[in-house]
>>> print(open('final_13.tsv').read())   # TSV, C-alpha atoms
chain	number	residue	atom	x	y	z
A	162	MET	CA	-39.83	8.92	-0.21
A	163	LYS	CA	-41.46	12.03	1.25
A	164	LYS	CA	-44.70	10.14	1.88
A	165	ILE	CA	-42.85	7.43	3.74
A	166	ALA	CA	-40.99	9.98	5.83
A	167	LYS	CA	-44.29	11.70	6.71
A	168	TYR	CA	-45.87	8.37	7.57
A	169	ILE	CA	-43.03	7.51	9.90
A	170	SER	CA	-43.21	10.94	11.49
A	171	SER	CA	-46.95	10.52	12.09
A	172	ALA	CA	-46.43	7.09	13.56
A	173	LEU	CA	-43.87	8.47	15.98
A	174	MET	CA	-46.26	11.24	17.07
A	175	VAL	CA	-49.15	8.83	17.66
A	176	ALA	CA	-46.92	6.46	19.60
A	177	ALA	CA	-45.62	9.29	21.77
A	178	LEU	CA	-49.13	10.65	22.49
A	179	GLY	CA	-50.43	7.18	23.25
A	180	ALA	CA	-47.65	6.59	25.73
A	181	THR	CA	-48.39	9.94	27.40
A	182	PHE	CA	-52.13	9.34	27.84
A	183	THR	CA	-51.59	5.81	29.13
A	184	ALA	CA	-49.10	7.07	31.69
A	185	CYS	CA	-51.60	9.70	32.91
A	186	ASP	CA	-54.45	7.19	33.22
A	187	ASP	CA	-52.34	4.74	35.22
A	188	TRP	CA	-50.74	7.34	37.50
A	189	THR	CA	-51.30	6.38	41.18
A	190	GLU	CA	-48.07	7.24	42.89
A	191	PRO	CA	-44.62	8.47	41.95
A	192	GLU	CA	-42.35	5.71	40.77
A	193	HIS	CA	-39.28	5.28	38.58
A	194	VAL	CA	-40.21	4.78	34.93
A	195	ASP	CA	-37.79	3.86	32.14
A	196	LEU	CA	-38.82	6.06	29.20
A	197	ASP	CA	-38.14	4.71	25.70
A	198	TYR	CA	-38.94	7.41	23.17
A	199	GLY	CA	-37.83	5.16	20.34
A	200	THR	CA	-36.31	5.97	16.98
A	201	ILE	CA	-37.82	5.80	13.52
A	202	ASP	CA	-36.77	2.19	13.06
A	203	THR	CA	-38.31	1.09	16.38
A	204	ALA	CA	-41.44	3.27	16.22
A	205	ASN	CA	-42.66	1.60	13.05
A	206	PRO	CA	-40.25	-1.11	11.88
A	207	GLU	CA	-42.32	-2.13	8.83
A	208	ALA	CA	-42.50	1.41	7.48
A	209	TYR	CA	-38.79	1.92	8.09
A	210	VAL	CA	-37.90	-1.32	6.28
A	211	LYS	CA	-39.96	-0.15	3.30
A	212	TYR	CA	-38.28	3.25	3.44
A	213	LEU	CA	-34.83	1.62	3.31
A	214	GLU	CA	-35.89	-0.56	0.38
A	215	ASN	CA	-37.02	2.53	-1.53
A	216	LEU	CA	-33.82	4.35	-0.59
A	217	ARG	CA	-31.62	1.54	-1.91
A	218	ALA	CA	-33.68	1.41	-5.11
A	219	TYR	CA	-33.20	5.17	-5.48
A	220	ARG	CA	-29.42	4.64	-5.60
A	221	ASN	CA	-29.81	2.74	-8.86
A	222	SER	CA	-32.22	5.23	-10.43
A	223	ASP	CA	-31.27	7.88	-12.96
A	224	HIS	CA	-30.41	10.93	-10.87
A	225	LYS	CA	-27.63	13.41	-10.23
A	226	LEU	CA	-25.25	11.90	-7.70
A	227	VAL	CA	-24.73	13.93	-4.53
A	228	TYR	CA	-21.28	13.75	-2.92
A	229	ALA	CA	-20.48	15.11	0.54
A	230	TRP	CA	-16.88	15.78	1.59
A	231	PHE	CA	-16.63	15.19	5.34
A	232	ASP	CA	-13.78	16.01	7.74
A	233	ASN	CA	-13.50	12.96	9.96
A	234	VAL	CA	-11.04	14.55	12.36
A	235	GLU	CA	-12.60	13.56	15.68
A	236	THR	CA	-11.24	10.48	17.45
A	237	ALA	CA	-14.55	10.24	19.32
A	238	PHE	CA	-18.06	11.42	18.49
A	239	GLY	CA	-18.52	14.60	20.50
A	240	THR	CA	-21.85	15.50	18.86
A	241	GLN	CA	-24.08	14.22	16.08
A	242	GLY	CA	-22.25	16.70	13.85
A	243	HIS	CA	-19.21	14.42	14.02
A	244	ARG	CA	-21.17	11.36	12.90
A	245	ILE	CA	-21.76	10.29	9.32
A	246	SER	CA	-25.06	8.72	10.42
A	247	ALA	CA	-26.47	12.25	10.83
A	248	ILE	CA	-25.76	13.17	7.20
A	249	PRO	CA	-28.98	13.10	5.11
A	250	ASP	CA	-29.76	9.65	3.74
A	251	SER	CA	-30.08	10.82	0.12
A	252	VAL	CA	-26.40	11.73	-0.07
A	253	ASP	CA	-25.03	9.07	-2.43
A	254	VAL	CA	-21.30	9.20	-1.68
A	255	ILE	CA	-19.59	10.41	1.50
A	256	VAL	CA	-15.97	11.34	0.88
A	257	LEU	CA	-13.77	11.14	3.97
A	258	ASN	CA	-10.96	13.67	3.86
A	259	ASN	CA	-8.80	11.82	6.38
A	260	PRO	CA	-8.68	8.11	5.54
A	261	ASP	CA	-5.86	7.67	8.06
A	262	LYS	CA	-8.09	8.80	10.93
A	263	VAL	CA	-10.98	6.37	10.55
A	264	THR	CA	-11.89	4.88	13.94
A	265	ASN	CA	-13.53	1.53	14.61
A	266	GLN	CA	-16.68	3.39	15.60
A	267	LEU	CA	-16.72	5.17	12.25
A	268	VAL	CA	-16.13	1.89	10.40
A	269	GLN	CA	-19.22	0.48	12.11
A	270	GLU	CA	-21.31	3.47	11.04
A	271	MET	CA	-20.00	3.09	7.49
A	272	PHE	CA	-21.00	-0.57	7.45
A	273	GLU	CA	-24.51	0.18	8.70
A	274	ALA	CA	-25.03	3.04	6.22
A	275	ARG	CA	-23.73	0.94	3.33
A	276	THR	CA	-25.84	-2.09	4.24
A	277	ASN	CA	-29.07	-0.34	5.18
A	278	LYS	CA	-29.04	2.80	3.06
A	279	GLY	CA	-26.85	1.87	0.12
A	280	GLN	CA	-24.55	4.83	0.74
A	281	GLN	CA	-20.98	4.59	-0.51
A	282	PHE	CA	-17.77	5.86	1.03
A	283	SER	CA	-14.73	7.13	-0.81
A	284	CYS	CA	-11.28	8.17	0.33
A	285	VAL	CA	-9.22	10.97	-1.17
A	286	ILE	CA	-5.73	10.93	-2.63
A	287	ASP	CA	-4.74	14.37	-3.87
A	288	PHE	CA	-1.53	15.37	-5.64
A	289	ASP	CA	-1.68	18.98	-4.44
A	290	VAL	CA	-2.06	17.87	-0.81
A	291	ILE	CA	0.93	15.56	-1.14
A	292	LYS	CA	2.97	18.34	-2.73
A	293	ALA	CA	2.00	20.78	0.04
A	294	ASP	CA	3.06	18.20	2.63
A	295	TYR	CA	6.36	17.79	0.80
A	296	THR	CA	6.96	21.54	0.76
A	297	LEU	CA	6.27	21.75	4.49
A	298	LEU	CA	8.63	18.84	5.15
A	299	CYS	CA	11.41	20.54	3.17
A	300	GLU	CA	10.89	23.75	5.15
A	301	GLN	CA	11.16	21.84	8.40
A	302	LEU	CA	14.29	20.04	7.24
A	303	ALA	CA	15.84	23.34	6.14
A	304	ALA	CA	15.32	24.73	9.64
A	305	LYS	CA	16.89	21.63	11.14
A	306	ARG	CA	19.90	21.94	8.80
A	307	ILE	CA	20.45	25.51	9.94
A	308	GLU	CA	20.30	24.39	13.55
A	309	PHE	CA	22.72	21.56	12.78
A	310	THR	CA	25.29	23.83	11.11
A	311	ASN	CA	24.98	26.40	13.89
A	312	ILE	CA	25.97	23.70	16.35
A	313	ASN	CA	28.45	21.75	14.27
A	314	GLY	CA	29.87	24.38	11.91
A	315	GLU	CA	29.36	25.19	8.23
A	316	ASP	CA	31.78	22.47	7.10
A	317	ALA	CA	30.04	19.68	8.98
A	318	GLU	CA	28.54	16.99	6.74
A	319	ILE	CA	24.75	17.13	6.74
A	320	PRO	CA	23.23	13.81	7.89
A	321	ALA	CA	21.14	11.97	5.31
A	322	GLU	CA	17.99	12.25	7.42
A	323	LEU	CA	18.20	16.06	7.24
A	324	LYS	CA	18.44	16.22	3.46
A	325	ASP	CA	15.38	16.86	1.29
A	326	PRO	CA	13.96	13.67	-0.21
A	327	GLU	CA	13.62	13.50	-3.98
A	328	PHE	CA	10.04	14.53	-4.78
A	329	LEU	CA	9.16	11.68	-7.13
A	330	THR	CA	10.29	9.19	-4.49
A	331	TYR	CA	8.26	11.04	-1.84
A	332	LEU	CA	5.24	11.09	-4.16
A	333	THR	CA	5.46	7.35	-4.80
A	334	GLU	CA	5.78	6.51	-1.12
A	335	SER	CA	2.93	8.86	-0.15
A	336	CYS	CA	0.59	7.38	-2.76
A	337	SER	CA	1.42	3.88	-1.62
A	338	ALA	CA	0.78	4.76	2.03
A	339	GLN	CA	-2.55	6.43	1.28
A	340	LEU	CA	-3.79	3.68	-1.02
A	341	LYS	CA	-3.25	1.17	1.78
A	342	HIS	CA	-6.03	2.89	3.73
A	343	PHE	CA	-8.50	1.78	1.06
A	344	ASN	CA	-8.28	-1.87	2.00
A	345	THR	CA	-7.57	-1.29	5.68
A	346	VAL	CA	-10.78	0.70	6.17
A	347	GLY	CA	-12.89	-0.92	3.47
A	348	PHE	CA	-13.83	2.01	1.24
A	349	ASP	CA	-16.10	1.68	-1.79
A	350	GLY	CA	-14.48	4.28	-4.03
A	351	LEU	CA	-11.49	6.53	-4.58
A	352	VAL	CA	-11.37	10.24	-5.38
A	353	ALA	CA	-8.11	11.14	-7.12
A	354	GLY	CA	-7.18	14.79	-7.30
A	355	PHE	CA	-4.78	16.19	-9.90
A	356	ALA	CA	-5.82	19.66	-11.02
A	357	GLY	CA	-3.65	19.91	-14.11
A	358	LYS	CA	-2.64	23.21	-15.71
A	359	PRO	CA	-1.80	24.70	-19.12
A	360	THR	CA	1.70	23.98	-20.33
A	361	ASN	CA	2.04	26.31	-23.32
A	362	HIS	CA	3.89	28.99	-21.31
A	363	MET	CA	6.24	26.60	-19.49
A	364	THR	CA	9.95	26.48	-20.15
A	365	GLN	CA	11.26	23.12	-21.33
A	366	GLU	CA	12.65	22.41	-17.89
A	367	GLU	CA	9.34	23.28	-16.22
A	368	LEU	CA	7.49	21.15	-18.76
A	369	ASN	CA	9.75	18.17	-18.09
A	370	VAL	CA	9.17	18.44	-14.34
A	371	TYR	CA	5.42	18.85	-14.73
A	372	ASN	CA	5.10	15.96	-17.17
A	373	SER	CA	7.15	13.63	-14.99
A	374	GLN	CA	5.06	14.42	-11.92
A	375	ALA	CA	1.76	14.10	-13.79
A	376	ALA	CA	2.79	10.85	-15.45
A	377	LEU	CA	3.88	9.34	-12.14
A	378	PHE	CA	0.82	10.32	-10.10
A	379	LEU	CA	-1.79	9.51	-12.75
A	380	GLY	CA	0.12	6.37	-13.67
A	381	ILE	CA	0.02	5.13	-10.06
A	382	ILE	CA	-3.75	5.71	-9.91
A	383	GLU	CA	-4.32	4.09	-13.30
A	384	ASP	CA	-2.21	1.06	-12.35
A	385	TRP	CA	-4.11	0.71	-9.09
A	386	HIS	CA	-7.42	0.94	-10.90
A	387	GLN	CA	-6.38	-1.71	-13.40
A	388	ARG	CA	-5.73	-4.01	-10.46
A	389	ASN	CA	-9.01	-2.99	-8.79
A	390	PRO	CA	-11.41	-2.59	-11.74
A	391	SER	CA	-14.56	-2.97	-9.65
A	392	VAL	CA	-13.75	0.11	-7.58
A	393	ASP	CA	-15.41	3.36	-8.63
A	394	ILE	CA	-12.89	6.14	-9.25
A	395	ASP	CA	-13.82	9.81	-9.40
A	396	LEU	CA	-11.47	12.54	-10.60
A	397	LEU	CA	-10.99	16.03	-9.23
A	398	CYS	CA	-9.26	17.98	-11.98
A	399	LYS	CA	-9.35	20.38	-14.92
A	400	PRO	CA	-10.06	17.72	-17.55
A	401	GLN	CA	-8.95	19.87	-20.48
A	402	TYR	CA	-5.39	19.60	-19.12
A	403	ILE	CA	-5.43	15.88	-18.32
A	404	ASP	CA	-4.17	13.18	-20.67
A	405	SER	CA	-5.07	9.90	-19.02
A	406	PRO	CA	-7.33	6.87	-19.56
A	407	LEU	CA	-8.81	7.76	-16.17
A	408	LEU	CA	-10.97	10.43	-17.83
A	409	ALA	CA	-12.86	7.69	-19.63
A	410	GLU	CA	-12.80	5.25	-16.72
A	411	ALA	CA	-13.94	7.68	-14.02
A	412	ARG	CA	-17.49	7.50	-12.70
A	413	ARG	CA	-17.62	11.29	-12.34
A	414	VAL	CA	-15.14	14.06	-13.17
A	415	PHE	CA	-15.41	17.00	-10.78
A	416	LEU	CA	-14.25	20.37	-12.08
A	417	VAL	CA	-11.84	21.45	-9.35
A	418	GLU	CA	-12.00	25.15	-10.27
A	419	SER	CA	-15.76	25.17	-9.69
A	420	LEU	CA	-15.05	25.21	-5.97
A	421	ASP	CA	-14.01	28.85	-6.46
A	422	ALA	CA	-17.11	29.84	-8.45
A	423	SER	CA	-18.11	33.46	-7.77
A	424	SER	CA	-21.56	33.11	-9.33
A	425	ALA	CA	-23.82	30.51	-10.91
A	426	ASP	CA	-22.63	31.64	-14.34
A	427	SER	CA	-19.13	30.50	-13.40
A	428	TYR	CA	-20.26	26.88	-13.60
A	429	SER	CA	-21.29	27.30	-17.23
A	430	TYR	CA	-17.89	28.84	-17.96
A	431	TYR	CA	-16.00	25.96	-16.31
A	432	VAL	CA	-18.08	23.36	-18.15
A	433	ALA	CA	-17.34	25.16	-21.43
A	434	LEU	CA	-13.61	25.07	-20.61
A	435	ALA	CA	-13.81	21.31	-20.10
A	436	GLY	CA	-15.08	21.15	-23.69
A	437	SER	CA	-15.22	17.71	-25.26
A	438	SER	CA	-12.63	16.22	-22.91
A	439	VAL	CA	-15.41	14.55	-20.90
A	440	PRO	CA	-19.16	14.13	-21.55
A	441	GLU	CA	-21.27	16.68	-19.69
A	442	SER	CA	-23.29	13.86	-18.12
A	443	LYS	CA	-20.14	12.75	-16.27
A	444	ILE	CA	-19.21	16.20	-15.01
A	445	GLY	CA	-19.53	17.15	-11.36
A	446	VAL	CA	-19.46	20.67	-9.92
A	447	LEU	CA	-18.56	21.75	-6.40
A	448	ALA	CA	-19.47	24.28	-3.72
A	449	SER	CA	-18.61	24.65	-0.07
A	450	VAL	CA	-20.76	25.13	2.99
A	451	PRO	CA	-19.69	28.31	4.86
A	452	ASP	CA	-17.27	28.14	7.75
A	453	HIS	CA	-19.56	27.96	10.81
A	454	THR	CA	-16.73	29.19	13.07
A	455	GLY	CA	-16.53	32.51	11.22
A	456	ALA	CA	-12.79	32.13	10.64
A	457	ASP	CA	-13.24	32.45	6.86
A	458	GLU	CA	-16.08	34.86	6.15
A	459	LYS	CA	-15.86	34.44	2.35
A	460	LEU	CA	-15.94	30.64	2.25
A	461	GLY	CA	-19.20	29.26	0.88
A	462	TYR	CA	-20.58	32.48	-0.61
A	463	PHE	CA	-20.88	33.87	-4.11
A	464	ALA	CA	-19.73	37.43	-4.77
A	465	ASN	CA	-23.31	38.67	-4.33
A	466	GLY	CA	-23.59	37.06	-0.88
A	467	MET	CA	-25.68	34.09	-1.98
A	468	LEU	CA	-24.90	30.71	-0.41
A	469	ALA	CA	-22.71	28.91	-2.93
A	470	VAL	CA	-24.31	25.50	-2.32
A	471	ASN	CA	-27.76	26.94	-3.03
A	472	GLY	CA	-26.57	28.69	-6.18
A	473	MET	CA	-24.82	25.53	-7.35
A	474	ALA	CA	-27.97	23.47	-6.76
A	475	LYS	CA	-30.18	25.86	-8.76
A	476	TRP	CA	-27.69	25.91	-11.63
A	477	ALA	CA	-27.18	22.13	-11.63
A	478	ALA	CA	-30.93	21.47	-11.69
A	479	GLY	CA	-31.12	23.03	-15.15
A	480	HIS	CA	-28.10	21.31	-16.67
A	481	ASN	CA	-27.31	17.77	-17.74
A	482	ILE	CA	-24.40	17.20	-15.41
A	483	GLY	CA	-23.84	13.98	-13.50
A	484	ALA	CA	-23.10	15.10	-9.95
A	485	VAL	CA	-22.79	17.86	-7.39
A	486	GLY	CA	-20.27	17.88	-4.58
A	487	ILE	CA	-20.57	19.60	-1.20
A	488	TYR	CA	-17.39	20.56	0.66
A	489	ASN	CA	-17.20	21.23	4.40
A	490	THR	CA	-20.42	19.24	4.85
A	491	GLY	CA	-20.17	18.85	8.61
A	492	ALA	CA	-20.32	22.61	9.11
A	493	ASP	CA	-23.93	22.60	7.90
A	494	TYR	CA	-24.94	20.56	10.94
A	495	PHE	CA	-23.70	23.32	13.25
A	496	MET	CA	-25.02	26.13	11.01
A	497	THR	CA	-28.57	24.81	10.85
A	498	ASN	CA	-29.18	23.41	14.34
A	499	GLY	CA	-28.48	19.85	13.31
A	500	PHE	CA	-30.93	19.71	10.41
A	501	TYR	CA	-28.42	19.92	7.53
A	502	THR	CA	-30.83	22.38	5.93
A	503	ASN	CA	-28.53	23.51	3.12
A	504	VAL	CA	-27.44	19.98	2.26
A	505	ARG	CA	-31.09	18.90	2.10
A	506	TYR	CA	-31.87	21.88	-0.12
A	507	VAL	CA	-29.18	20.77	-2.57
A	508	ILE	CA	-30.54	17.22	-2.67
A	509	GLU	CA	-34.15	18.27	-3.18
A	510	THR	CA	-33.23	20.87	-5.80
A	511	VAL	CA	-31.09	18.69	-8.04
A	512	ASN	CA	-33.24	15.58	-7.55
A	513	PRO	CA	-36.76	16.86	-6.77
A	514	SER	CA	-39.26	14.37	-5.38
A	515	ALA	CA	-42.06	13.25	-7.66
A	516	LYS	CA	-45.22	15.28	-7.02
>>> encode(input="final_13.tsv", output="structure tokens")
Amino acid sequence: MKKIAKYISSALMVAALGATFTACDDWTEPEHVDLDYGTIDTANPEAYVKYLENLRAYRNSDHKLVYAWFDNVETAFGTQGHRISAIPDSVDVIVLNNPDKVTNQLVQEMFEARTNKGQQFSCVIDFDVIKADYTLLCEQLAAKRIEFTNINGEDAEIPAELKDPEFLTYLTESCSAQLKHFNTVGFDGLVAGFAGKPTNHMTQEELNVYNSQAALFLGIIEDWHQRNPSVDIDLLCKPQYIDSPLLAEARRVFLVESLDASSADSYSYYVALAGSSVPESKIGVLASVPDHTGADEKLGYFANGMLAVNGMAKWAAGHNIGAVGIYNTGADYFMTNGFYTNVRYVIETVNPSAK
């Protein structure tokens, strides 16, 4: 793949130089000229077609899958950093954090990347996000109830629309709404997040609540997967605390706590915690690209100041895990002048090119 990329680069350079010298030789008087600098696919179509064939073949080869979580929050492409087409081709799965904000323009880019490059696209449905949304809703409703009673008196009957919804009902409706995006957009896979936690210190009441919520969420995902068996499902969890057929059915199981790794040794610790609950070859670990805005100075760094994605890549290269996941991917475009340098480093480190 490197040789093909170099060949295409050379072809582009020769074409550009040839166009320059021809223009100089033919120069007689100033006139308007339409300049077409071309792209890789137009500079040498045959080489690019071969490159895409090799890229699609690479998808089916034995390698560590590379996932990139991407915040598709822009309604229009302001820069290349907002486009999935700018993400390095060797990323296997692009995970869109906002499946409800996929534009027609983005759908077109997804289609082209899937058809030409063999990339896949997954959407996220996360229990903790749904629960956080529920908590925020209840806080907003509480404020509205106070306002209502201030106006209408303490004895006034609270309208139904101002009462907190029952969480299990809210969870069911939220899951249903988010799963609809899968077919509406045309995703290839689903990432289901349910961290899980130890239950040995819970009271019986806490245990009952936890079990009912876990059973409902994981049951909804399992039922959906049974009805859509051809869809790849990935889990984001602490597998040692999960009791679900999804552990066996999942393509990859990402260790959610690895996103908070403070050093490369942390990954070994988290894999050890997962134990025999999932084969190591199915495990995925995570790291985040730093916040390019500077708002969170600790995000994306180990305790010693090393870039977390680089440390993750070096660790993963020496272990028999099945995937690495990069959070906050789009920030790397703005950090590295559009070259996605850190993302490319991860790819090359965990799946080095043949020498």
>>> residues_around(input="final_13.tsv", residues="stretch 317-327 of chain A", least_positions_apart="3", cutoff="12 Å", atoms="all atoms listed in the file", output="list of chain:residue names")
A:Lys292, A:Tyr295, A:Thr296, A:Leu297, A:Leu298, A:Cys299, A:Glu300, A:Gln301, A:Leu302, A:Ala303, A:Ala304, A:Lys305, A:Arg306, A:Ile307, A:Glu308, A:Phe309, A:Thr310, A:Asn311, A:Ile312, A:Asn313, A:Gly314, A:Thr330, A:Tyr331, A:Leu332, A:Thr333, A:Glu334, A:Gln374
>>> write_last_selection(input="final_13.tsv", atoms="C-alpha atoms", output="mmCIF file, keeping the file's coordinate frame")
data_model
loop_
_atom_site.group_PDB
_atom_site.id
_atom_site.type_symbol
_atom_site.label_atom_id
_atom_site.label_comp_id
_atom_site.auth_asym_id
_atom_site.auth_seq_id
_atom_site.Cartn_x
_atom_site.Cartn_y
_atom_site.Cartn_z
ATOM 1 C CA LYS A 292 2.970 18.340 -2.730
ATOM 2 C CA TYR A 295 6.360 17.790 0.800
ATOM 3 C CA THR A 296 6.960 21.540 0.760
ATOM 4 C CA LEU A 297 6.270 21.750 4.490
ATOM 5 C CA LEU A 298 8.630 18.840 5.150
ATOM 6 C CA CYS A 299 11.410 20.540 3.170
ATOM 7 C CA GLU A 300 10.890 23.750 5.150
ATOM 8 C CA GLN A 301 11.160 21.840 8.400
ATOM 9 C CA LEU A 302 14.290 20.040 7.240
ATOM 10 C CA ALA A 303 15.840 23.340 6.140
ATOM 11 C CA ALA A 304 15.320 24.730 9.640
ATOM 12 C CA LYS A 305 16.890 21.630 11.140
ATOM 13 C CA ARG A 306 19.900 21.940 8.800
ATOM 14 C CA ILE A 307 20.450 25.510 9.940
ATOM 15 C CA GLU A 308 20.300 24.390 13.550
ATOM 16 C CA PHE A 309 22.720 21.560 12.780
ATOM 17 C CA THR A 310 25.290 23.830 11.110
ATOM 18 C CA ASN A 311 24.980 26.400 13.890
ATOM 19 C CA ILE A 312 25.970 23.700 16.350
ATOM 20 C CA ASN A 313 28.450 21.750 14.270
ATOM 21 C CA GLY A 314 29.870 24.380 11.910
ATOM 22 C CA THR A 330 10.290 9.190 -4.490
ATOM 23 C CA TYR A 331 8.260 11.040 -1.840
ATOM 24 C CA LEU A 332 5.240 11.090 -4.160
ATOM 25 C CA THR A 333 5.460 7.350 -4.800
ATOM 26 C CA GLU A 334 5.780 6.510 -1.120
ATOM 27 C CA GLN A 374 5.060 14.420 -11.920
#
>>> closest_atom_pairs(input="final_13.tsv", of="stretch 283-315 of chain A", to="stretch 355-367 of chain A", cutoff="8 Å", atoms="all atoms listed in the file", output="Markdown table")
| residue | atom | partner | partner_atom | distance |
| --- | --- | --- | --- | --- |
| A:Asp287 | CA | A:Phe355 | CA | 6.3 |
| A:Phe288 | CA | A:Phe355 | CA | 5.4 |
| A:Asp289 | CA | A:Phe355 | CA | 6.9 |
>>> write_last_selection(input="final_13.tsv", atoms="C-alpha atoms", output="mmCIF file, in the coordinates of the input")
data_model
loop_
_atom_site.group_PDB
_atom_site.id
_atom_site.type_symbol
_atom_site.label_atom_id
_atom_site.label_comp_id
_atom_site.auth_asym_id
_atom_site.auth_seq_id
_atom_site.Cartn_x
_atom_site.Cartn_y
_atom_site.Cartn_z
ATOM 1 C CA ASP A 287 -4.740 14.370 -3.870
ATOM 2 C CA PHE A 288 -1.530 15.370 -5.640
ATOM 3 C CA ASP A 289 -1.680 18.980 -4.440
#
>>> closest_residue(input="final_13.tsv", among="A:Gly472, A:Tyr212, A:Cys336, A:Ile245", to="A:Phe272", atoms="all atoms listed in the file")
A:Ile245
>>> atom_distance(input="final_13.tsv", atom1="atom CA of A:Asn233", atom2="atom CA of A:Ala247")
13.0 Å
>>> closest_residue(input="final_13.tsv", among="A:Tyr488, A:Phe378, A:Tyr371, A:Leu407", to="A:Asn503", atoms="all atoms listed in the file")
A:Tyr488
>>> atom_distance(input="final_13.tsv", atom1="atom CA of A:Phe500", atom2="atom CA of A:Thr454")
17.3 Å
>>> closest_residue(input="final_13.tsv", among="A:Arg275, A:His224, A:Lys475, A:His243", to="A:Phe348", atoms="only C-alpha atoms")
A:Arg275
>>> residues_around(input="final_13.tsv", residues="stretch 417-433 of chain A", least_positions_apart="4", cutoff="6 Å", atoms="only C-alpha atoms", output="ChimeraX atom specification")
/A:397-398,446-448,463-464,472
>>> residues_around(input="final_13.tsv", residues="A:Phe495", least_positions_apart="4", cutoff="8 Å", atoms="all atoms listed in the file", output="list in words")
Gly242, His453, Gly491 and Gly499 of chain A
>>> closest_residue(input="final_13.tsv", among="A:Asp384, A:Ala208, A:Val263, A:Asp393", to="A:Gln281", atoms="only C-alpha atoms")
A:Asp393
>>> atom_distance(input="final_13.tsv", atom1="atom CA of A:Ala229", atom2="atom CA of A:Val507")
10.8 Å
>>> residues_around(input="final_13.tsv", residues="A:Asp493", least_positions_apart="3", cutoff="7 Å", atoms="all atoms listed in the file", output="PyMOL selection string")
chain A and resi 450+490+496-497+501+503
>>> build_atoms(input="final_13.tsv", residues="stretch 400-404 of chain A", atoms="all heavy atoms", output="PDB file, in the coordinates of the input")
ATOM      1  N   PRO A 400     -10.215  18.791 -16.560  1.00  0.00           N
ATOM      2  CA  PRO A 400     -10.060  17.720 -17.550  1.00  0.00           C
ATOM      3  C   PRO A 400      -9.417  18.141 -18.856  1.00  0.00           C
ATOM      4  O   PRO A 400      -8.798  17.320 -19.547  1.00  0.00           O
ATOM      5  CB  PRO A 400     -11.499  17.212 -17.756  1.00  0.00           C
ATOM      6  CG  PRO A 400     -12.381  18.323 -17.279  1.00  0.00           C
ATOM      7  CD  PRO A 400     -11.625  18.990 -16.168  1.00  0.00           C
ATOM      8  N   GLN A 401      -9.539  19.411 -19.215  1.00  0.00           N
ATOM      9  CA  GLN A 401      -8.950  19.870 -20.480  1.00  0.00           C
ATOM     10  C   GLN A 401      -7.425  19.810 -20.447  1.00  0.00           C
ATOM     11  O   GLN A 401      -6.789  19.872 -21.508  1.00  0.00           O
ATOM     12  CB  GLN A 401      -9.409  21.306 -20.795  1.00  0.00           C
ATOM     13  CG  GLN A 401      -8.967  22.371 -19.794  1.00  0.00           C
ATOM     14  CD  GLN A 401      -9.982  22.580 -18.670  1.00  0.00           C
ATOM     15  OE1 GLN A 401     -10.688  21.654 -18.286  1.00  0.00           O
ATOM     16  NE2 GLN A 401     -10.051  23.796 -18.150  1.00  0.00           N
ATOM     17  N   TYR A 402      -6.847  19.656 -19.249  1.00  0.00           N
ATOM     18  CA  TYR A 402      -5.390  19.600 -19.120  1.00  0.00           C
ATOM     19  C   TYR A 402      -4.902  18.208 -18.726  1.00  0.00           C
ATOM     20  O   TYR A 402      -3.723  18.038 -18.373  1.00  0.00           O
ATOM     21  CB  TYR A 402      -4.903  20.609 -18.079  1.00  0.00           C
ATOM     22  CG  TYR A 402      -5.276  22.039 -18.402  1.00  0.00           C
ATOM     23  CD1 TYR A 402      -5.857  22.851 -17.439  1.00  0.00           C
ATOM     24  CD2 TYR A 402      -5.047  22.568 -19.661  1.00  0.00           C
ATOM     25  CE1 TYR A 402      -6.213  24.169 -17.722  1.00  0.00           C
ATOM     26  CE2 TYR A 402      -5.391  23.879 -19.965  1.00  0.00           C
ATOM     27  CZ  TYR A 402      -5.976  24.669 -18.985  1.00  0.00           C
ATOM     28  OH  TYR A 402      -6.330  25.979 -19.284  1.00  0.00           O
ATOM     29  N   ILE A 403      -5.785  17.225 -18.753  1.00  0.00           N
ATOM     30  CA  ILE A 403      -5.430  15.880 -18.320  1.00  0.00           C
ATOM     31  C   ILE A 403      -5.387  14.940 -19.518  1.00  0.00           C
ATOM     32  O   ILE A 403      -6.318  14.889 -20.324  1.00  0.00           O
ATOM     33  CB  ILE A 403      -6.443  15.336 -17.290  1.00  0.00           C
ATOM     34  CG1 ILE A 403      -6.491  16.236 -16.065  1.00  0.00           C
ATOM     35  CG2 ILE A 403      -6.087  13.907 -16.881  1.00  0.00           C
ATOM     36  CD1 ILE A 403      -5.204  16.316 -15.284  1.00  0.00           C
ATOM     37  N   ASP A 404      -4.307  14.196 -19.632  1.00  0.00           N
ATOM     38  CA  ASP A 404      -4.170  13.180 -20.670  1.00  0.00           C
ATOM     39  C   ASP A 404      -4.000  11.836 -19.979  1.00  0.00           C
ATOM     40  O   ASP A 404      -2.893  11.438 -19.630  1.00  0.00           O
ATOM     41  CB  ASP A 404      -2.973  13.483 -21.571  1.00  0.00           C
ATOM     42  CG  ASP A 404      -2.822  12.457 -22.689  1.00  0.00           C
ATOM     43  OD1 ASP A 404      -3.787  11.718 -22.941  1.00  0.00           O
ATOM     44  OD2 ASP A 404      -1.733  12.385 -23.284  1.00  0.00           O
TER      45      ASP A 404
END
